Amino acid sequence: MTTAALVLADGTTFHGRLMGGRRSVSGEVVFNTGMVGYTEALTDPSYHGQLLCLTYPLVGNYGVPPDFESTKIQVSGLIVSELALEYSHASAARSLPQWLRAEGIPCLTGIDTRALTKRLRQAGCMAGKIVTGMRPLPFAAPDAEHSVAAVSAGQREEYAGGRRRVVLVDCGVKSSIIGQLRARDLTVIRVPWDYDFLAEDFAAVVVSNGPGDPSQCSATVRNIARAMQLERPILGICLGHQLLALAAGASTYKLKFGHRGHNQPCLEEGTQRCFITSQNHGYAVDASSLPAGWVPWFTNANDGSNEGIRHSSQPFMSVQFHPEAAPGPVDCEPIFDRFVESIR
Ligand SMILES: NC(=O)CC[C@H](N)C(=O)O
């Protein structure tokens, strides 16, 4: 048995056992309250470089079904209360510890994840490190690397066969977003985060989810602002929502501990409807900074933060939550239908 500790930047320390990859790692410590969906969460590029604590107490009991959102595990480390060694699922071919081991991702188990989460809720998400052995490891500086550049597609790629053509700005896109677009008879032209896509032949633009601080993506923001002049539909999802807001002239800020889970309630403005949404984000759009012509679309019923915006006369729309819901409730899939309807 290898022991290891989670050390938070404020000095709080939790001791546990190390499974999966055998090495020390550092990153921002965040927590997700979902009860399932660890394969999707671990491979979601928006978690790139973070140390992810899952609050559900038993993790791994359905093994590793092939529900991947990208080609590899994106988190730098996993923190759980109990990691299941045995698993049972029709499509699982290996256990979670085996997968973590194969990808070299450390998992700290035996942690009081409730105490850790309470600490993060009180003090806010902060840097941390999972340390094993004697070698000293510094805390990762926040946003030291350009995390979007680290996960975005290296080159342009086209998924042909659809009736209409959409540019997908890949800031670290989840594969289920591509799946949702292709299922709606769209040809998807996937381009890197800083690609000048204005010269492409396209009817609409989707700006994807992705890791890190939206203010790091100024090249994307500039391209979105230019695309707005064409008056063709734009859909932003999560980081894409934040980037659309920045392109509109609004501002973003960092939430104290973010929204990561599958049951975040979002009220649709002007209606009595509340949607239960899947989320994974640490930043938010400041709705009070929206310029004239833009209106809030959704608002979080827990903390009142902005969860979506739209333009009052142009087909520009974005949501902070994940309508592709992988994992999570599928209530918001009609957002994709609404976007497709707006493409003439
Ligand atoms: N899932 C996402 O796209 C996350 C967006 C952004 N990196 C945030 O944390 O707010």
# chains A, B, ... in the order shown; residues from 1 in each chain; ligands from 1
>>> closest_atom_pairs(of="chain A", to="ligand 1", cutoff="7 Å", atoms="only C-alpha atoms and all ligand atoms", output="tab-separated table")
residue	atom	partner	partner_atom_place_in_ligand_line	distance
A:Ser46	CA	ligand 1	1 (N)	4.7
A:Ser208	CA	ligand 1	3 (O)	6.9
A:Asn209	CA	ligand 1	3 (O)	3.2
A:Gly210	CA	ligand 1	3 (O)	4.0
A:Pro211	CA	ligand 1	7 (N)	3.6
A:Gly212	CA	ligand 1	7 (N)	4.0
A:Asp213	CA	ligand 1	7 (N)	5.5
A:Pro214	CA	ligand 1	6 (C)	6.3
A:Ile237	CA	ligand 1	3 (O)	6.7
A:Cys238	CA	ligand 1	3 (O)	4.0
A:Leu239	CA	ligand 1	3 (O)	3.8
A:Gly240	CA	ligand 1	3 (O)	6.7
A:Gln279	CA	ligand 1	1 (N)	6.9
A:Asn280	CA	ligand 1	1 (N)	4.7
A:His281	CA	ligand 1	9 (O)	3.6
A:Gly282	CA	ligand 1	9 (O)	3.7
A:Tyr283	CA	ligand 1	10 (O)	3.5
A:Ala284	CA	ligand 1	10 (O)	6.0
>>> write_last_selection(atoms="C-alpha atoms", output="mmCIF file, in the first residue's frame")
data_model
loop_
_atom_site.group_PDB
_atom_site.id
_atom_site.type_symbol
_atom_site.label_atom_id
_atom_site.label_comp_id
_atom_site.auth_asym_id
_atom_site.auth_seq_id
_atom_site.Cartn_x
_atom_site.Cartn_y
_atom_site.Cartn_z
ATOM 1 C CA SER A 46 -12.689 21.243 -19.310
ATOM 2 C CA SER A 208 -17.244 24.752 -27.386
ATOM 3 C CA ASN A 209 -16.585 24.138 -23.732
ATOM 4 C CA GLY A 210 -12.987 24.163 -22.511
ATOM 5 C CA PRO A 211 -10.670 24.545 -19.521
ATOM 6 C CA GLY A 212 -9.235 27.551 -17.735
ATOM 7 C CA ASP A 213 -9.914 31.267 -17.569
ATOM 8 C CA PRO A 214 -11.916 32.604 -20.551
ATOM 9 C CA ILE A 237 -21.548 26.222 -24.632
ATOM 10 C CA CYS A 238 -19.885 26.718 -21.216
ATOM 11 C CA LEU A 239 -16.475 28.267 -22.052
ATOM 12 C CA GLY A 240 -18.084 29.144 -25.413
ATOM 13 C CA GLN A 279 -22.465 21.662 -15.205
ATOM 14 C CA ASN A 280 -18.710 21.926 -14.859
ATOM 15 C CA HIS A 281 -17.387 25.447 -14.590
ATOM 16 C CA GLY A 282 -15.464 27.780 -12.303
ATOM 17 C CA TYR A 283 -16.024 31.111 -14.092
ATOM 18 C CA ALA A 284 -19.263 32.957 -14.823
#
>>> select_by_dssp(residues="segment 63-229 of chain A", states="helix (DSSP H, G or I)", output="PyMOL selection string")
chain A and resi 96-103+113-123+147-151+175-182+197-199+214-216+218-228
>>> atom_distance(atom1="atom CA of Gly77 of chain A", atom2="atom CA of Gly104 of chain A")
9.4 Å
>>> residues_around(residues="segment 256-259 of chain A", least_positions_apart="3", cutoff="10 Å", atoms="only C-alpha atoms", output="mmCIF file with N, CA and C atoms, in the first residue's frame")
data_model
loop_
_atom_site.group_PDB
_atom_site.id
_atom_site.type_symbol
_atom_site.label_atom_id
_atom_site.label_comp_id
_atom_site.auth_asym_id
_atom_site.auth_seq_id
_atom_site.Cartn_x
_atom_site.Cartn_y
_atom_site.Cartn_z
ATOM 1 N N VAL A 29 -7.852 22.269 -6.983
ATOM 2 C CA VAL A 29 -8.707 21.218 -6.433
ATOM 3 C C VAL A 29 -10.167 21.653 -6.569
ATOM 4 N N VAL A 30 -10.967 20.836 -7.264
ATOM 5 C CA VAL A 30 -12.387 21.147 -7.470
ATOM 6 C C VAL A 30 -13.213 19.921 -7.094
ATOM 7 N N PHE A 31 -14.503 20.135 -6.830
ATOM 8 C CA PHE A 31 -15.346 18.986 -6.481
ATOM 9 C C PHE A 31 -16.561 18.907 -7.380
ATOM 10 N N ASN A 32 -16.994 17.671 -7.672
ATOM 11 C CA ASN A 32 -18.181 17.415 -8.485
ATOM 12 C C ASN A 32 -19.137 16.560 -7.657
ATOM 13 N N THR A 33 -20.407 16.970 -7.618
ATOM 14 C CA THR A 33 -21.386 16.295 -6.772
ATOM 15 C C THR A 33 -22.220 15.247 -7.513
ATOM 16 N N THR A 117 -14.720 18.899 0.778
ATOM 17 C CA THR A 117 -15.659 19.747 0.039
ATOM 18 C C THR A 117 -16.125 20.920 0.901
ATOM 19 N N LEU A 120 -13.475 23.501 0.790
ATOM 20 C CA LEU A 120 -13.439 24.236 -0.480
ATOM 21 C C LEU A 120 -14.631 25.181 -0.605
ATOM 22 N N ARG A 121 -15.766 24.770 -0.055
ATOM 23 C CA ARG A 121 -16.946 25.656 -0.114
ATOM 24 C C ARG A 121 -16.728 26.880 0.762
ATOM 25 N N GLN A 122 -16.053 26.681 1.905
ATOM 26 C CA GLN A 122 -15.823 27.811 2.814
ATOM 27 C C GLN A 122 -14.742 28.744 2.287
ATOM 28 N N ALA A 123 -13.614 28.153 1.884
ATOM 29 C CA ALA A 123 -12.449 28.965 1.514
ATOM 30 C C ALA A 123 -12.405 29.273 0.025
ATOM 31 N N GLY A 124 -13.171 28.531 -0.769
ATOM 32 C CA GLY A 124 -13.098 28.664 -2.226
ATOM 33 C C GLY A 124 -12.144 27.640 -2.793
ATOM 34 N N CYS A 125 -12.322 27.302 -4.081
ATOM 35 C CA CYS A 125 -11.424 26.340 -4.710
ATOM 36 C C CYS A 125 -10.014 26.914 -4.703
ATOM 37 N N MET A 126 -9.041 26.070 -4.480
ATOM 38 C CA MET A 126 -7.662 26.563 -4.387
ATOM 39 C C MET A 126 -6.693 25.520 -4.944
ATOM 40 N N TYR A 253 -16.063 36.575 -14.345
ATOM 41 C CA TYR A 253 -15.375 36.576 -13.054
ATOM 42 C C TYR A 253 -15.290 35.135 -12.569
ATOM 43 N N HIS A 262 -24.704 17.437 -11.543
ATOM 44 C CA HIS A 262 -25.709 17.137 -12.571
ATOM 45 C C HIS A 262 -27.090 17.642 -12.187
ATOM 46 N N ASN A 263 -27.176 18.426 -11.122
ATOM 47 C CA ASN A 263 -28.516 18.863 -10.695
ATOM 48 C C ASN A 263 -28.532 20.354 -10.373
ATOM 49 N N GLN A 264 -27.915 21.148 -11.235
ATOM 50 C CA GLN A 264 -27.914 22.600 -11.025
ATOM 51 C C GLN A 264 -29.197 23.173 -11.626
ATOM 52 N N SER A 278 -26.667 19.858 -16.196
ATOM 53 C CA SER A 278 -25.344 19.298 -15.940
ATOM 54 C C SER A 278 -24.316 20.412 -16.093
ATOM 55 N N GLN A 279 -23.404 20.544 -15.137
ATOM 56 C CA GLN A 279 -22.465 21.662 -15.205
ATOM 57 C C GLN A 279 -21.054 21.281 -14.763
ATOM 58 N N ASN A 280 -20.112 22.056 -15.252
ATOM 59 C CA ASN A 280 -18.710 21.926 -14.859
ATOM 60 C C ASN A 280 -18.012 23.236 -15.198
ATOM 61 N N HIS A 281 -18.102 24.202 -14.301
ATOM 62 C CA HIS A 281 -17.387 25.447 -14.590
ATOM 63 C C HIS A 281 -17.009 26.177 -13.310
ATOM 64 N N GLY A 282 -15.956 27.009 -13.435
ATOM 65 C CA GLY A 282 -15.464 27.780 -12.303
ATOM 66 C C GLY A 282 -15.620 29.275 -12.514
ATOM 67 N N TYR A 283 -15.854 29.695 -13.775
ATOM 68 C CA TYR A 283 -16.024 31.111 -14.092
ATOM 69 C C TYR A 283 -17.482 31.357 -14.467
ATOM 70 N N ALA A 284 -17.881 32.623 -14.474
ATOM 71 C CA ALA A 284 -19.263 32.957 -14.823
ATOM 72 C C ALA A 284 -19.289 34.307 -15.524
ATOM 73 N N ASN A 300 -29.077 30.833 -12.557
ATOM 74 C CA ASN A 300 -28.963 29.735 -11.597
ATOM 75 C C ASN A 300 -29.859 30.003 -10.387
ATOM 76 N N GLN A 320 -24.378 28.403 -20.106
ATOM 77 C CA GLN A 320 -23.262 28.060 -19.230
ATOM 78 C C GLN A 320 -23.272 26.575 -18.877
ATOM 79 N N PHE A 321 -24.466 25.978 -18.894
ATOM 80 C CA PHE A 321 -24.576 24.544 -18.562
ATOM 81 C C PHE A 321 -24.309 23.704 -19.814
#
>>> select_by_dssp(residues="segment 7-79 of chain A", states="strand (DSSP E)", output="PyMOL selection string")
chain A and resi 7-8+13-20+25-32+51-54+58-59+77-79
>>> write_last_selection(atoms="N, CA and C atoms", output="compact mmCIF listing (two decimals), in the first residue's frame")
# COMPACT_ATOMS: atom_id res chain seq x y z
N VAL A 7 -2.42 18.04 -0.09
CA VAL A 7 -2.08 19.25 0.64
C VAL A 7 -2.70 20.44 -0.09
N LEU A 8 -3.56 21.17 0.60
CA LEU A 8 -4.17 22.36 -0.01
C LEU A 8 -3.24 23.55 0.20
N THR A 13 -4.37 19.38 5.23
CA THR A 13 -3.79 18.14 4.69
C THR A 13 -4.71 16.96 4.97
N PHE A 14 -4.88 16.11 3.97
CA PHE A 14 -5.68 14.89 4.10
C PHE A 14 -4.79 13.72 3.71
N HIS A 15 -4.73 12.71 4.56
CA HIS A 15 -3.90 11.54 4.26
C HIS A 15 -4.76 10.41 3.70
N GLY A 16 -4.21 9.70 2.70
CA GLY A 16 -4.95 8.60 2.11
C GLY A 16 -4.02 7.60 1.46
N ARG A 17 -4.60 6.74 0.64
CA ARG A 17 -3.84 5.72 -0.08
C ARG A 17 -3.77 6.09 -1.55
N LEU A 18 -2.66 5.78 -2.18
CA LEU A 18 -2.49 6.13 -3.59
C LEU A 18 -2.79 4.93 -4.46
N MET A 19 -3.65 5.14 -5.45
CA MET A 19 -3.92 4.09 -6.44
C MET A 19 -3.74 4.72 -7.81
N GLY A 20 -3.89 3.92 -8.87
CA GLY A 20 -3.67 4.46 -10.22
C GLY A 20 -2.20 4.80 -10.40
N VAL A 25 1.29 15.04 -8.07
CA VAL A 25 0.73 15.97 -9.06
C VAL A 25 0.18 17.20 -8.35
N SER A 26 0.12 18.32 -9.08
CA SER A 26 -0.49 19.51 -8.49
C SER A 26 -1.49 20.09 -9.48
N GLY A 27 -2.42 20.89 -8.95
CA GLY A 27 -3.46 21.49 -9.78
C GLY A 27 -4.51 22.13 -8.91
N GLU A 28 -5.48 22.77 -9.53
CA GLU A 28 -6.58 23.36 -8.76
C GLU A 28 -7.48 22.23 -8.27
N VAL A 29 -7.85 22.27 -6.98
CA VAL A 29 -8.71 21.22 -6.43
C VAL A 29 -10.17 21.65 -6.57
N VAL A 30 -10.97 20.84 -7.26
CA VAL A 30 -12.39 21.15 -7.47
C VAL A 30 -13.21 19.92 -7.09
N PHE A 31 -14.50 20.14 -6.83
CA PHE A 31 -15.35 18.99 -6.48
C PHE A 31 -16.56 18.91 -7.38
N ASN A 32 -16.99 17.67 -7.67
CA ASN A 32 -18.18 17.41 -8.49
C ASN A 32 -19.14 16.56 -7.66
N LEU A 51 -7.37 18.77 -10.06
CA LEU A 51 -7.47 17.61 -9.16
C LEU A 51 -8.95 17.52 -8.80
N LEU A 52 -9.58 16.45 -9.26
CA LEU A 52 -11.04 16.34 -9.15
C LEU A 52 -11.43 15.47 -7.97
N CYS A 53 -12.21 16.05 -7.07
CA CYS A 53 -12.78 15.30 -5.94
C CYS A 53 -14.22 14.95 -6.28
N LEU A 54 -14.56 13.66 -6.23
CA LEU A 54 -15.94 13.24 -6.45
C LEU A 54 -16.58 13.05 -5.08
N LEU A 58 -18.78 6.21 -3.22
CA LEU A 58 -18.22 4.98 -3.81
C LEU A 58 -18.06 5.19 -5.30
N VAL A 59 -16.85 5.15 -5.78
CA VAL A 59 -16.59 5.50 -7.19
C VAL A 59 -15.91 4.32 -7.89
N GLY A 77 -5.39 14.54 -11.38
CA GLY A 77 -5.51 13.58 -10.28
C GLY A 77 -6.95 13.44 -9.86
N LEU A 78 -7.26 12.31 -9.21
CA LEU A 78 -8.62 12.02 -8.76
C LEU A 78 -8.59 11.83 -7.25
N ILE A 79 -9.63 12.32 -6.55
CA ILE A 79 -9.71 12.21 -5.10
C ILE A 79 -11.07 11.62 -4.75
